[in-house]
Amino acid sequence: MRVYKEAIAALSMGPLMFAQGMLVRRFASVLPEAKGPRAGVVGVGRPLRVLVLGDSSAAGVGVDTQDVAIAGQLAAQLADRFQVTWELLAKTGATTKSHTQALIDQVEGKFDAAMICLGVNDVTHGVNLNAWLKQQSKLYDILEEKFGVREIYVSGIPPVKYFPLLPQPLRWFLGRRADRFDHWLADMIEKRQNCYHIPIAFPHDPSLMASDGYHPKAGAYAQWAGWVAERIKDRWARF
């Protein structure tokens, strides 16, 4: 019933939200991806090979350099326990489908763990929920079968409903859609082995957002990386 009511509301406000979306795309600040190496080795200890995949958030939009973006911070937070060999494949605008193909085309080698930050662009581009879940599942299969990944850590959909960039009612609509995607993502992941949903539990605090009102600042990236790092440490302590 809730989804039905949201669909009716979306239809009634469709022209307004379409206009808002066009204005956001035209006038929003476009921040660059973070500069710096997208691969490296840090730490001393047990070897751990980590692959980070994602869209503009994984690419570090909102901060200047990769060392304070999510991949660099994840590697740094794991370095007290592991010798981390890490690699980042990220691109602004990436969807699950486009990035799965990029993974096949651009990445080589084997990895122990993978972190995934994908979904916001699928939500905002109108990708069908069921199609998206199948695309996510296919991505996990490829990571396991082609790249030997033993553990997959999937970031939930960020809280779009709090993004200052988006005007109402567009923010409400996309926020509800993002929450629904995240709910079913978590449900699907719960049924898979060695795959873990990491909720993005940022509070409603605009000070955590970059100047574009859409991406995190360094402190938020550090917190996000910390949620994944702690889960990896806990899991890999059992092997």
# chains A, B, ... in the order shown; residues from 1 in each chain; ligands from 1
>>> residues_around(residues="stretch 73-86 of chain A", least_positions_apart="3", cutoff="8 Å", atoms="only C-alpha atoms", output="list in words")
Ala39, Gly40, Val41, Val42, Gly43, Val44, Gly45, Arg46, Pro47, Leu48, Arg49, Val50, Leu51, Val52, Asp67, Val68, Ala69, Ile70, Tyr221, Ala222, Ala225, Gly226, Val228, Ala229 and Lys233 of chain A
>>> write_last_selection(atoms="C-alpha atoms", output="mmCIF file, in the first residue's frame")
data_model
loop_
_atom_site.group_PDB
_atom_site.id
_atom_site.type_symbol
_atom_site.label_atom_id
_atom_site.label_comp_id
_atom_site.auth_asym_id
_atom_site.auth_seq_id
_atom_site.Cartn_x
_atom_site.Cartn_y
_atom_site.Cartn_z
ATOM 1 C CA ALA A 39 46.498 1.385 -5.734
ATOM 2 C CA GLY A 40 49.107 0.801 -3.082
ATOM 3 C CA VAL A 41 50.539 -1.305 -0.289
ATOM 4 C CA VAL A 42 50.390 -0.209 3.365
ATOM 5 C CA GLY A 43 50.854 -1.825 6.763
ATOM 6 C CA VAL A 44 52.713 -4.760 8.214
ATOM 7 C CA GLY A 45 51.196 -8.121 9.027
ATOM 8 C CA ARG A 46 49.103 -10.750 7.375
ATOM 9 C CA PRO A 47 48.672 -10.065 3.628
ATOM 10 C CA LEU A 48 45.233 -8.837 2.606
ATOM 11 C CA ARG A 49 44.274 -7.918 -0.960
ATOM 12 C CA VAL A 50 41.371 -5.456 -1.104
ATOM 13 C CA LEU A 51 39.445 -4.176 -4.122
ATOM 14 C CA VAL A 52 37.200 -1.113 -3.811
ATOM 15 C CA ASP A 67 44.399 9.216 1.099
ATOM 16 C CA VAL A 68 41.389 10.894 2.751
ATOM 17 C CA ALA A 69 38.833 9.321 0.403
ATOM 18 C CA ILE A 70 37.185 6.039 1.235
ATOM 19 C CA TYR A 221 34.533 9.076 4.487
ATOM 20 C CA ALA A 222 36.644 8.095 7.501
ATOM 21 C CA ALA A 225 35.621 3.321 5.919
ATOM 22 C CA GLY A 226 35.666 2.534 9.625
ATOM 23 C CA VAL A 228 33.862 -1.614 6.738
ATOM 24 C CA ALA A 229 37.308 -1.922 8.349
ATOM 25 C CA LYS A 233 38.885 -7.216 11.025
#
>>> select_by_dssp(residues="stretch 25-88 of chain A", states="strand (DSSP E)", output="PyMOL selection string")
chain A and resi 39-42+46-54+82-88
>>> write_last_selection(atoms="C-alpha atoms", output="short mmCIF file (atom, residue, chain, number, x, y, z; two decimals), in the first residue's frame")
data_model
loop_
_atom_site.label_atom_id
_atom_site.label_comp_id
_atom_site.auth_asym_id
_atom_site.auth_seq_id
_atom_site.Cartn_x
_atom_site.Cartn_y
_atom_site.Cartn_z
CA ALA A 39 46.50 1.39 -5.73
CA GLY A 40 49.11 0.80 -3.08
CA VAL A 41 50.54 -1.30 -0.29
CA VAL A 42 50.39 -0.21 3.37
CA ARG A 46 49.10 -10.75 7.37
CA PRO A 47 48.67 -10.06 3.63
CA LEU A 48 45.23 -8.84 2.61
CA ARG A 49 44.27 -7.92 -0.96
CA VAL A 50 41.37 -5.46 -1.10
CA LEU A 51 39.44 -4.18 -4.12
CA VAL A 52 37.20 -1.11 -3.81
CA LEU A 53 34.54 -0.60 -6.50
CA GLY A 54 32.16 2.28 -6.88
CA PHE A 82 47.36 -6.37 7.80
CA GLN A 83 49.75 -5.68 4.98
CA VAL A 84 47.10 -4.27 2.70
CA THR A 85 47.48 -4.39 -1.06
CA TRP A 86 44.61 -2.27 -2.29
CA GLU A 87 43.17 -1.20 -5.62
CA LEU A 88 40.39 1.22 -6.51
#
>>> select_by_dssp(residues="stretch 48-239 of chain A", states="helix (DSSP H, G or I)", output="PyMOL selection string")
chain A and resi 66-68+70-78+96-106+120-124+129-147+160-162+170-190+206-208+218-236
>>> residues_around(residues="A:Ser211", least_positions_apart="3", cutoff="9 Å", atoms="only C-alpha atoms", output="list in words")
Ser29, Leu31, Gly62, Tyr214, His215 and Lys217 of chain A
>>> closest_atom_pairs(of="stretch 48-147 of chain A", to="stretch 175-193 of chain A", cutoff="7 Å", atoms="only C-alpha atoms", output="JSON lines")
{"residue": "A:Val123", "atom": "CA", "partner": "A:Ala178", "partner_atom": "CA", "distance": 6.0}
{"residue": "A:Leu129", "atom": "CA", "partner": "A:Phe181", "partner_atom": "CA", "distance": 6.6}
{"residue": "A:Leu133", "atom": "CA", "partner": "A:Leu185", "partner_atom": "CA", "distance": 6.8}
>>> closest_residue(among="A:Ala102, A:Gly36, A:Lys91, A:Leu208", to="A:Trp224", atoms="only C-alpha atoms")
A:Leu208
>>> residues_around(residues="stretch 143-155 of chain A", least_positions_apart="4", cutoff="6 Å", atoms="only C-alpha atoms", output="CSV table (one decimal) with all heavy atoms, in the first residue's frame")
chain,number,residue,atom,x,y,z
A,110,LYS,N,43.8,-11.4,-8.3
A,110,LYS,CA,42.9,-12.0,-7.3
A,110,LYS,C,42.9,-11.1,-6.1
A,110,LYS,O,43.9,-10.4,-5.8
A,110,LYS,CB,43.4,-13.4,-6.9
A,110,LYS,CG,43.5,-14.4,-8.1
A,110,LYS,CD,42.1,-14.7,-8.6
A,110,LYS,CE,42.2,-15.7,-9.7
A,110,LYS,NZ,40.9,-16.1,-10.3
A,111,PHE,N,41.8,-11.2,-5.3
A,111,PHE,CA,41.6,-10.3,-4.2
A,111,PHE,C,40.9,-11.2,-3.1
A,111,PHE,O,40.2,-12.1,-3.3
A,111,PHE,CB,40.7,-9.1,-4.5
A,111,PHE,CG,41.3,-8.2,-5.5
A,111,PHE,CD1,41.0,-8.4,-6.9
A,111,PHE,CD2,42.1,-7.2,-5.2
A,111,PHE,CE1,41.6,-7.6,-7.8
A,111,PHE,CE2,42.7,-6.3,-6.1
A,111,PHE,CZ,42.4,-6.6,-7.5
A,112,ASP,N,41.3,-10.8,-1.8
A,112,ASP,CA,40.6,-11.5,-0.7
A,112,ASP,C,39.3,-10.9,-0.3
A,112,ASP,O,38.3,-11.6,0.0
A,112,ASP,CB,41.6,-11.4,0.5
A,112,ASP,CG,42.9,-12.0,0.3
A,112,ASP,OD1,42.9,-13.2,-0.1
A,112,ASP,OD2,43.9,-11.3,0.4
A,113,ALA,N,39.2,-9.6,-0.4
A,113,ALA,CA,38.0,-8.9,0.0
A,113,ALA,C,37.7,-7.8,-1.0
A,113,ALA,O,38.6,-7.2,-1.6
A,113,ALA,CB,38.1,-8.3,1.4
A,114,ALA,N,36.4,-7.5,-1.1
A,114,ALA,CA,36.0,-6.4,-2.0
A,114,ALA,C,35.0,-5.5,-1.3
A,114,ALA,O,34.1,-6.0,-0.5
A,114,ALA,CB,35.3,-6.9,-3.3
A,115,MET,N,35.1,-4.2,-1.5
A,115,MET,CA,34.1,-3.3,-0.9
A,115,MET,C,33.4,-2.6,-2.1
A,115,MET,O,34.0,-2.2,-3.1
A,115,MET,CB,34.8,-2.2,-0.1
A,115,MET,CG,33.8,-1.1,0.4
A,115,MET,SD,34.7,0.3,1.2
A,115,MET,CE,33.3,1.3,1.6
A,116,ILE,N,32.1,-2.6,-2.1
A,116,ILE,CA,31.3,-2.0,-3.2
A,116,ILE,C,30.5,-0.8,-2.7
A,116,ILE,O,29.8,-0.8,-1.7
A,116,ILE,CB,30.3,-3.1,-3.7
A,116,ILE,CG1,31.0,-4.3,-4.2
A,116,ILE,CG2,29.4,-2.5,-4.8
A,116,ILE,CD1,30.1,-5.5,-4.6
A,117,CYS,N,30.6,0.2,-3.5
A,117,CYS,CA,29.8,1.5,-3.2
A,117,CYS,C,29.1,1.8,-4.5
A,117,CYS,O,29.5,2.7,-5.3
A,117,CYS,CB,30.8,2.6,-2.9
A,117,CYS,SG,31.9,2.3,-1.5
A,194,ASN,N,29.1,-15.2,2.7
A,194,ASN,CA,30.3,-14.4,2.6
A,194,ASN,C,30.1,-13.1,1.9
A,194,ASN,O,30.9,-12.5,1.2
A,194,ASN,CB,31.4,-15.2,1.9
A,194,ASN,CG,31.7,-16.5,2.5
A,194,ASN,OD1,31.8,-16.6,3.8
A,194,ASN,ND2,31.9,-17.5,1.7
A,195,CYS,N,28.9,-12.5,2.1
A,195,CYS,CA,28.5,-11.2,1.6
A,195,CYS,C,27.8,-10.4,2.6
A,195,CYS,O,26.9,-11.0,3.3
A,195,CYS,CB,27.6,-11.4,0.3
A,195,CYS,SG,27.4,-9.9,-0.7
A,196,TYR,N,28.2,-9.2,2.9
A,196,TYR,CA,27.7,-8.4,4.0
A,196,TYR,C,27.2,-7.0,3.6
A,196,TYR,O,27.9,-6.3,2.9
A,196,TYR,CB,28.8,-8.4,5.1
A,196,TYR,CG,29.4,-9.7,5.4
A,196,TYR,CD1,30.5,-10.1,4.8
A,196,TYR,CD2,28.7,-10.6,6.2
A,196,TYR,CE1,31.1,-11.4,5.0
A,196,TYR,CE2,29.2,-11.9,6.4
A,196,TYR,CZ,30.4,-12.3,5.8
A,196,TYR,OH,30.9,-13.5,6.0
A,197,HIS,N,26.1,-6.7,4.1
A,197,HIS,CA,25.5,-5.4,3.9
A,197,HIS,C,26.0,-4.4,5.0
A,197,HIS,O,25.9,-4.7,6.2
A,197,HIS,CB,24.0,-5.5,3.9
A,197,HIS,CG,23.3,-4.1,3.7
A,197,HIS,ND1,22.7,-3.4,4.8
A,197,HIS,CD2,23.0,-3.4,2.6
A,197,HIS,CE1,22.2,-2.3,4.4
A,197,HIS,NE2,22.3,-2.3,3.0
A,198,ILE,N,26.5,-3.3,4.6
A,198,ILE,CA,27.0,-2.3,5.6
A,198,ILE,C,26.1,-1.1,5.5
A,198,ILE,O,26.2,-0.3,4.5
A,198,ILE,CB,28.5,-1.9,5.2
A,198,ILE,CG1,29.4,-3.1,5.0
A,198,ILE,CG2,29.0,-1.0,6.3
A,198,ILE,CD1,29.6,-4.0,6.2
>>> closest_residue(among="A:Leu166, A:Ala131, A:Val61, A:Ala218", to="A:Ala90", atoms="only C-alpha atoms")
A:Val61
>>> atom_distance(atom1="atom CA of A:Pro206", atom2="atom CA of A:Thr96")
27.1 Å
>>> closest_residue(among="A:Leu139, A:Gln106, A:Arg38, A:Val30", to="A:Leu118", atoms="only C-alpha atoms")
A:Leu139
>>> residues_around(residues="A:Arg171", least_positions_apart="4", cutoff="8 Å", atoms="only C-alpha atoms", output="number ranges by chain")
A: 160-163, 166-167, 175
>>> atom_distance(atom1="atom CA of A:His125", atom2="atom CA of A:Ala220")
24.6 Å
